[in-house]
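The data block below is model-v8.pdb; it holds PDB, C-alpha atoms.
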MODEL        1
ATOM      1  CA  MET A   1       3.178 -29.012-127.425
ATOM      2  CA  ASP A   2       4.460 -28.149-123.937
ATOM      3  CA  GLU A   3       1.102 -26.605-123.033
ATOM      4  CA  GLU A   4      -0.685 -29.821-123.992
ATOM      5  CA  ARG A   5       1.703 -31.907-121.925
ATOM      6  CA  LEU A   6       1.406 -29.515-119.000
ATOM      7  CA  ALA A   7      -2.387 -29.722-119.166
ATOM      8  CA  GLU A   8      -2.191 -33.515-119.191
ATOM      9  CA  PHE A   9       0.205 -33.509-116.237
ATOM     10  CA  SER A  10      -2.126 -31.186-114.360
ATOM     11  CA  ARG A  11      -5.100 -33.468-114.956
ATOM     12  CA  GLU A  12      -3.238 -36.609-113.925
ATOM     13  CA  ARG A  13      -1.284 -35.273-110.970
ATOM     14  CA  LEU A  14      -3.127 -32.211-109.647
ATOM     15  CA  ASP A  15      -6.768 -32.816-110.569
ATOM     16  CA  GLY A  16      -6.579 -29.949-113.061
ATOM     17  CA  ARG A  17      -5.144 -27.374-110.669
ATOM     18  CA  PRO A  18      -2.704 -24.798-112.084
ATOM     19  CA  ILE A  19       0.882 -26.020-112.238
ATOM     20  CA  PRO A  20       3.169 -23.910-110.024
ATOM     21  CA  ASP A  21       5.835 -21.951-111.902
ATOM     22  CA  ASP A  22       8.771 -23.857-110.453
ATOM     23  CA  LEU A  23       7.209 -27.216-111.312
ATOM     24  CA  ARG A  24       6.473 -26.008-114.832
ATOM     25  CA  THR A  25      10.099 -24.954-115.312
ATOM     26  CA  MET A  26      11.430 -28.318-114.144
ATOM     27  CA  LEU A  27       8.928 -30.317-116.183
ATOM     28  CA  VAL A  28       9.744 -28.511-119.406
ATOM     29  CA  ALA A  29      13.459 -28.938-118.737
ATOM     30  CA  GLN A  30      13.027 -32.701-118.408
ATOM     31  CA  TRP A  31      10.918 -32.886-121.561
ATOM     32  CA  GLU A  32      13.595 -30.949-123.441
ATOM     33  CA  GLY A  33      16.211 -33.471-122.346
ATOM     34  CA  ARG A  34      17.970 -31.163-119.900
ATOM     35  CA  THR A  35      19.461 -32.836-116.835
ATOM     36  CA  ASP A  36      20.544 -29.812-114.793
ATOM     37  CA  PHE A  37      17.619 -29.799-112.370
ATOM     38  CA  ARG A  38      17.703 -33.582-112.009
ATOM     39  CA  LEU A  39      21.390 -33.515-111.154
ATOM     40  CA  LEU A  40      21.018 -30.650-108.677
ATOM     41  CA  LEU A  41      17.835 -31.786-106.947
ATOM     42  CA  ASP A  42      17.817 -35.539-107.664
ATOM     43  CA  VAL A  43      14.239 -35.271-108.930
ATOM     44  CA  THR A  44      12.525 -36.834-111.942
ATOM     45  CA  PHE A  45       8.949 -36.631-113.136
ATOM     46  CA  PRO A  46       6.700 -39.581-113.963
ATOM     47  CA  GLU A  47       5.568 -40.430-117.456
ATOM     48  CA  PRO A  48       1.917 -40.003-118.515
ATOM     49  CA  GLY A  49      -0.262 -42.790-117.202
ATOM     50  CA  GLU A  50       2.074 -43.732-114.359
ATOM     51  CA  LEU A  51      -0.048 -44.270-111.283
ATOM     52  CA  SER A  52       0.218 -42.492-107.983
ATOM     53  CA  PRO A  53       1.966 -44.726-105.425
ATOM     54  CA  PHE A  54      -1.334 -44.775-103.541
ATOM     55  CA  LEU A  55      -3.173 -46.279-106.509
ATOM     56  CA  ASP A  56      -0.556 -48.671-107.831
ATOM     57  CA  THR A  57      -1.401 -52.224-106.768
ATOM     58  CA  GLY A  58       0.227 -53.941-109.736
ATOM     59  CA  TYR A  59       3.010 -55.420-107.611
ATOM     60  CA  LEU A  60       0.542 -57.324-105.382
ATOM     61  CA  SER A  61      -0.312 -60.967-105.996
ATOM     62  CA  ALA A  62      -3.871 -62.163-106.573
ATOM     63  CA  LYS A  63      -3.835 -63.644-103.073
ATOM     64  CA  GLU A  64      -2.773 -60.338-101.552
ATOM     65  CA  LEU A  65      -5.383 -58.409-103.508
ATOM     66  CA  ALA A  66      -8.074 -60.784-102.221
ATOM     67  CA  ASP A  67      -7.045 -60.361 -98.591
ATOM     68  CA  PRO A  68      -9.650 -58.233 -96.746
ATOM     69  CA  ASP A  69      -7.058 -56.379 -94.709
ATOM     70  CA  MET A  70      -5.040 -55.517 -97.811
ATOM     71  CA  GLN A  71      -8.244 -54.374 -99.486
ATOM     72  CA  ALA A  72      -8.873 -52.066 -96.528
ATOM     73  CA  VAL A  73      -5.340 -50.677 -96.752
ATOM     74  CA  ASN A  74      -5.648 -50.103-100.509
ATOM     75  CA  ALA A  75      -9.038 -48.420-100.109
ATOM     76  CA  GLY A  76      -7.651 -46.103 -97.443
ATOM     77  CA  TYR A  77      -4.715 -45.102 -99.601
ATOM     78  CA  ALA A  78      -7.006 -44.563-102.583
ATOM     79  CA  GLN A  79      -8.844 -41.993-100.480
ATOM     80  CA  MET A  80      -5.543 -40.443 -99.444
ATOM     81  CA  SER A  81      -4.691 -39.915-103.119
ATOM     82  CA  GLU A  82      -7.378 -37.223-103.163
ATOM     83  CA  TYR A  83      -5.269 -35.127-100.786
ATOM     84  CA  ALA A  84      -1.645 -36.176-101.362
ATOM     85  CA  LYS A  85      -0.651 -35.173-104.892
ATOM     86  CA  PHE A  86       2.694 -36.759-105.704
ATOM     87  CA  VAL A  87       4.307 -35.188-108.746
ATOM     88  CA  ALA A  88       7.920 -36.391-108.755
ATOM     89  CA  LYS A  89      10.328 -39.105-107.679
ATOM     90  CA  LEU A  90      13.317 -38.460-105.460
ATOM     91  CA  GLY A  91      16.535 -40.323-106.140
ATOM     92  CA  GLU A  92      16.659 -44.041-106.833
ATOM     93  CA  ASP A  93      15.127 -45.263-103.562
ATOM     94  CA  GLY A  94      11.477 -45.237-104.576
ATOM     95  CA  HIS A  95      10.576 -42.050-102.693
ATOM     96  CA  TRP A  96       7.956 -39.645-104.035
ATOM     97  CA  VAL A  97       7.422 -35.954-103.381
ATOM     98  CA  GLY A  98       4.371 -33.773-103.833
ATOM     99  CA  TYR A  99       1.813 -31.515-102.231
ATOM    100  CA  TRP A 100      -0.483 -32.022 -99.257
ATOM    101  CA  MET A 101      -3.776 -30.546-100.475
ATOM    102  CA  HIS A 102      -6.324 -31.434 -97.847
ATOM    103  CA  PRO A 103      -9.231 -28.954 -98.004
ATOM    104  CA  ASP A 104      -8.744 -28.022 -94.335
ATOM    105  CA  GLU A 105      -5.253 -26.672 -95.017
ATOM    106  CA  PRO A 106      -5.097 -22.836 -95.064
ATOM    107  CA  ALA A 107      -6.083 -21.451 -98.455
ATOM    108  CA  ASP A 108      -3.808 -18.416 -98.031
ATOM    109  CA  ALA A 109      -0.607 -20.449 -97.540
ATOM    110  CA  PRO A 110       1.453 -22.636 -99.866
ATOM    111  CA  PRO A 111       0.479 -26.306 -99.619
ATOM    112  CA  PRO A 112       2.954 -28.301 -97.541
ATOM    113  CA  VAL A 113       5.430 -30.299 -99.603
ATOM    114  CA  ILE A 114       5.628 -33.898 -98.421
ATOM    115  CA  GLU A 115       7.898 -36.844 -99.111
ATOM    116  CA  LEU A 116       6.634 -40.423 -99.144
ATOM    117  CA  ASP A 117       9.114 -43.216 -98.465
ATOM    118  CA  THR A 118       8.952 -46.893 -99.350
ATOM    119  CA  GLU A 119       7.213 -47.715 -96.048
ATOM    120  CA  PHE A 120       4.459 -45.211 -96.864
ATOM    121  CA  SER A 121       5.634 -42.849 -94.131
ATOM    122  CA  TYR A 122       5.448 -39.103 -94.671
ATOM    123  CA  ARG A 123       7.966 -36.356 -94.056
ATOM    124  CA  SER A 124       7.293 -32.658 -94.356
ATOM    125  CA  LEU A 125       9.915 -30.753 -96.372
ATOM    126  CA  ALA A 126      10.746 -27.115 -95.691
ATOM    127  CA  GLY A 127      10.150 -24.701 -98.536
ATOM    128  CA  ARG A 128       7.445 -22.625-100.183
ATOM    129  CA  ASN A 129       7.402 -24.750-103.329
ATOM    130  CA  LEU A 130       8.685 -28.006-104.786
ATOM    131  CA  ALA A 131      12.064 -26.630-105.872
ATOM    132  CA  GLU A 132      12.807 -25.174-102.433
ATOM    133  CA  ALA A 133      11.678 -28.370-100.731
ATOM    134  CA  CYS A 134      13.906 -30.534-102.922
ATOM    135  CA  ALA A 135      16.836 -28.169-102.375
ATOM    136  CA  SER A 136      16.318 -28.211 -98.615
ATOM    137  CA  GLY A 137      16.112 -31.992 -98.743
ATOM    138  CA  GLN A 138      19.377 -32.224-100.654
ATOM    139  CA  ALA A 139      21.092 -29.835 -98.258
ATOM    140  CA  ARG A 140      19.817 -31.767 -95.257
ATOM    141  CA  TYR A 141      22.081 -34.686 -96.110
ATOM    142  CA  GLN A 142      25.095 -32.500 -95.309
ATOM    143  CA  ASP A 143      26.572 -32.131 -91.829
ATOM    144  CA  GLU A 144      26.342 -28.844 -89.942
ATOM    145  CA  PRO A 145      27.258 -26.149 -90.894
ATOM    146  CA  ASP A 146      27.527 -27.501 -94.428
ATOM    147  CA  VAL A 147      23.761 -27.826 -94.712
ATOM    148  CA  ARG A 148      23.481 -24.041 -94.847
ATOM    149  CA  ILE A 149      26.391 -23.633 -97.239
ATOM    150  CA  THR A 150      25.037 -26.365 -99.515
ATOM    151  CA  PHE A 151      21.575 -24.822 -99.617
ATOM    152  CA  THR A 152      22.956 -21.398-100.503
ATOM    153  CA  GLN A 153      25.071 -22.918-103.271
ATOM    154  CA  LEU A 154      22.050 -24.807-104.621
ATOM    155  CA  ALA A 155      19.942 -21.648-104.508
ATOM    156  CA  ASP A 156      22.567 -19.731-106.490
ATOM    157  CA  ARG A 157      22.898 -22.468-109.106
ATOM    158  CA  LEU A 158      19.136 -22.756-109.490
ATOM    159  CA  ALA A 159      18.824 -18.998-109.898
ATOM    160  CA  ALA A 160      21.479 -19.097-112.624
ATOM    161  CA  LEU A 161      19.321 -21.689-114.411
ATOM    162  CA  GLY A 162      16.249 -19.464-114.251
ATOM    163  CA  LEU A 163      14.685 -20.979-111.142
ATOM    164  CA  PRO A 164      15.180 -18.511-108.266
ATOM    165  CA  LEU A 165      14.138 -19.563-104.771
ATOM    166  CA  SER A 166      12.470 -17.243-102.291
ATOM    167  CA  THR A 167      15.548 -17.319-100.030
ATOM    168  CA  ARG A 168      19.217 -18.309-100.030
ATOM    169  CA  ASP A 169      19.112 -18.734 -96.242
ATOM    170  CA  TYR A 170      18.394 -22.294 -95.103
ATOM    171  CA  ASP A 171      17.189 -21.084 -91.702
ATOM    172  CA  ALA A 172      14.669 -18.736 -93.327
ATOM    173  CA  LEU A 173      12.879 -21.471 -95.279
ATOM    174  CA  TYR A 174       9.112 -21.644 -94.950
ATOM    175  CA  ASP A 175       8.157 -24.586 -92.746
ATOM    176  CA  ALA A 176       4.466 -25.418 -92.891
ATOM    177  CA  ASP A 177       2.442 -26.927 -90.070
ATOM    178  CA  TYR A 178      -0.268 -29.405 -90.965
ATOM    179  CA  ALA A 179      -3.867 -28.517 -90.240
ATOM    180  CA  VAL A 180      -4.582 -32.194 -90.908
ATOM    181  CA  ASP A 181      -1.746 -34.621 -90.258
ATOM    182  CA  PRO A 182      -1.441 -37.044 -93.207
ATOM    183  CA  GLU A 183      -0.135 -39.884 -91.025
ATOM    184  CA  GLU A 184      -3.089 -39.630 -88.655
ATOM    185  CA  LEU A 185      -5.606 -39.312 -91.474
ATOM    186  CA  THR A 186      -4.152 -42.380 -93.186
ATOM    187  CA  ASP A 187      -4.640 -44.414 -90.011
ATOM    188  CA  GLU A 188      -8.198 -43.148 -89.622
ATOM    189  CA  LEU A 189      -9.177 -43.953 -93.193
ATOM    190  CA  ILE A 190      -7.672 -47.441 -93.125
ATOM    191  CA  ASP A 191      -9.243 -48.188 -89.749
ATOM    192  CA  ALA A 192     -12.624 -47.083 -91.131
ATOM    193  CA  GLU A 193     -12.196 -49.388 -94.118
ATOM    194  CA  ARG A 194     -11.330 -52.251 -91.769
ATOM    195  CA  GLU A 195     -14.458 -51.567 -89.772
ATOM    196  CA  LYS A 196     -16.531 -51.775 -92.961
ATOM    197  CA  ARG A 197     -15.075 -55.227 -93.567
ATOM    198  CA  GLY A 198     -15.577 -56.429 -90.027
ATOM    199  CA  ILE A 199     -11.875 -56.500 -89.222
ATOM    200  CA  ARG A 200     -11.697 -55.800 -85.508
ATOM    201  CA  THR A 201      -8.116 -56.771 -84.723
ATOM    202  CA  ALA A 202      -5.848 -53.784 -84.138
ATOM    203  CA  ARG A 203      -3.184 -53.695 -86.824
ATOM    204  CA  THR A 204      -0.628 -51.231 -88.002
ATOM    205  CA  SER A 205      -1.655 -49.294 -91.129
ATOM    206  CA  SER A 206       1.751 -48.835 -92.673
ATOM    207  CA  GLY A 207       1.542 -49.378 -96.388
ATOM    208  CA  PRO A 208       3.132 -52.025 -98.524
ATOM    209  CA  ALA A 209       6.577 -51.391 -99.936
ATOM    210  CA  LEU A 210       6.708 -49.335-103.107
TER
ENDMDL
END
Let me see whether you can do it: turn the structure in this file into structure tokens.
Amino acid sequence: MDEERLAEFSRERLDGRPIPDDLRTMLVAQWEGRTDFRLLLDVTFPEPGELSPFLDTGYLSAKELADPDMQAVNAGYAQMSEYAKFVAKLGEDGHWVGYWMHPDEPADAPPPVIELDTEFSYRSLAGRNLAEACASGQARYQDEPDVRITFTQLADRLAALGLPLSTRDYDALYDADYAVDPEELTDELIDAEREKRGIRTARTSSGPAL
């Protein structure tokens, strides 16, 4: 049963790509009713059929959906959903986390893990995989030097639960650089969609609230 659900998750969230080991471990834990990873990392996984934040327009009114500028914004974000693969929700604030999988990113490096906030702004998270990125994000909320202590404690607790990280040292975390910046690409795609619709006025391309 888990393999079927994992295959479905892969199709919906990763376009059929293999599910990383750490993500698999956390998914199965949630499906089994375990809360340890959720409590440690403040992460939950969407149910089947739940849309990517870039494709969900259900909260918009008919008037908003008919607005040419909003149509341009939605079309740009729909294109962005090909590259930004959001697989989990962070906390209760409507943030999402996932992988930046633009084809121009290095094939021999882990895909950058990115966070999307309710203003559709991106933040890169340090770490070689989702679990490390979520742990580094949780530790970041602590004041210095507690951020390092907190990360080490999280790493030890995750390892005890069968999810070892590549390092216990916060300062040694992998920190990816973008080959293609998602913020800049979002602006370019939305501007191109505005051009198609004859919208010439310069506008900001920040997305609607989640």
*Select, from A:Pro20, A:Thr35, A:Leu65, A:Asp146, the residue with the minimum atom-to-atom distance to A:Pro111, counting only C-alpha atoms.*
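Result for the nearest residue to A:Pro111: A:Pro20.
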*Shell around A:Leu39 at 12 Å using all atoms listed in the file, local window under 2 positions removed, as a VMD selection string*: chain A and resid 26 29 to 30 34 to 37 41 to 44 90 to 91 134 to 135 138 154 157 to 158
Take the residues that were just selected and, keeping C-alpha atoms, output them as a compact mmCIF listing (two decimals), in the frame of the given file.
# COMPACT_ATOMS: atom_id res chain seq x y z
CA MET A 26 11.43 -28.32 -114.14
CA ALA A 29 13.46 -28.94 -118.74
CA GLN A 30 13.03 -32.70 -118.41
CA ARG A 34 17.97 -31.16 -119.90
CA THR A 35 19.46 -32.84 -116.84
CA ASP A 36 20.54 -29.81 -114.79
CA PHE A 37 17.62 -29.80 -112.37
CA LEU A 41 17.84 -31.79 -106.95
CA ASP A 42 17.82 -35.54 -107.66
CA VAL A 43 14.24 -35.27 -108.93
CA THR A 44 12.52 -36.83 -111.94
CA LEU A 90 13.32 -38.46 -105.46
CA GLY A 91 16.54 -40.32 -106.14
CA CYS A 134 13.91 -30.53 -102.92
CA ALA A 135 16.84 -28.17 -102.38
CA GLN A 138 19.38 -32.22 -100.65
CA LEU A 154 22.05 -24.81 -104.62
CA ARG A 157 22.90 -22.47 -109.11
CA LEU A 158 19.14 -22.76 -109.49
*Apply the PyMOL selection byres ((chain A and resi 22) around 12) to the displayed file and report the matching residues as a list in words.*
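Checking the PyMOL selection byres ((chain A and resi 22) around 12) against this file, the residues are Pro18, Ile19, Pro20, Asp21, Leu23, Arg24, Thr25, Met26, Leu27, Val28, Ala29, Phe37, Arg128, Asn129, Leu130, Ala131, Glu132, Ala133, Cys134, Leu158, Ala159, Leu161, Gly162, Leu163, Pro164, Leu165 and Ser166 of chain A.
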*asked:* Please expand the PyMOL selection byres ((chain A and resi 167-179) around 6) into the concrete residues it hits in this file, giving the result as an MDAnalysis selection string.
replied: chainID A and resid 105 112 126:128 148 152 155 165:166 180:181
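Residues within 8 Å of stretch 182-195 of chain A, counting all atoms listed in the file and excluding same-chain residues fewer than 5 positions away, are Pro68, Asp69, Ala72, Val73, Ala75, Gly76, Tyr77, Gln79, Met80, Trp100, Ser121, Tyr122, Arg200 and Ser205 of chain A.
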*Kindly give the distance, in Å, that separates atom CA of A:Asp156 and atom CA of A:Leu116, rounded to a single decimal.*
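Between atom CA of A:Asp156 and atom CA of A:Leu116 the gap works out to 27.1 Å.
Atom pair atom CA of A:Ala7 / atom CA of A:Phe86 has a distance of 16.0 Å (rounded to one decimal).
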*In Å to one decimal, how far is atom CA of A:Lys85 from atom CA of A:Val113?*
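Taking atom CA of A:Val113 and atom CA of A:Lys85, their separation equals 9.4 Å.
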Which centre and edge lengths in Å to one decimal define the box along x, y and z that fits every listed atom of stretch 36-48 of chain A plus 8 Å per side, as AutoDock Vina command-line options?
--center_x 11.7 --center_y -35.1 --center_z -112.7 --size_x 35.5 --size_y 26.6 --size_z 27.6
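Shortest atom-to-atom contact with A:Trp31 among A:Leu14, A:Ala109, A:Leu6, A:Ala88: A:Leu6, counting all atoms listed in the file.
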*Go through A:Ala107, A:Val87, A:Ala160, A:Val97 one by one, measure the shortest atom-to-atom distance of each to A:Glu47 using only C-alpha atoms, and give the residue with the smallest value.*
A:Val87
_Counting all atoms listed in the file, which residue out of A:Pro53, A:Gly198, A:Pro145, A:Gly137 sits closest to A:Arg123?_
A:Gly137
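Proximity ranking of A:Pro46, A:Asp67, A:Ser10, A:Glu4 relative to A:Arg197 places A:Asp67 first, based on all atoms listed in the file.
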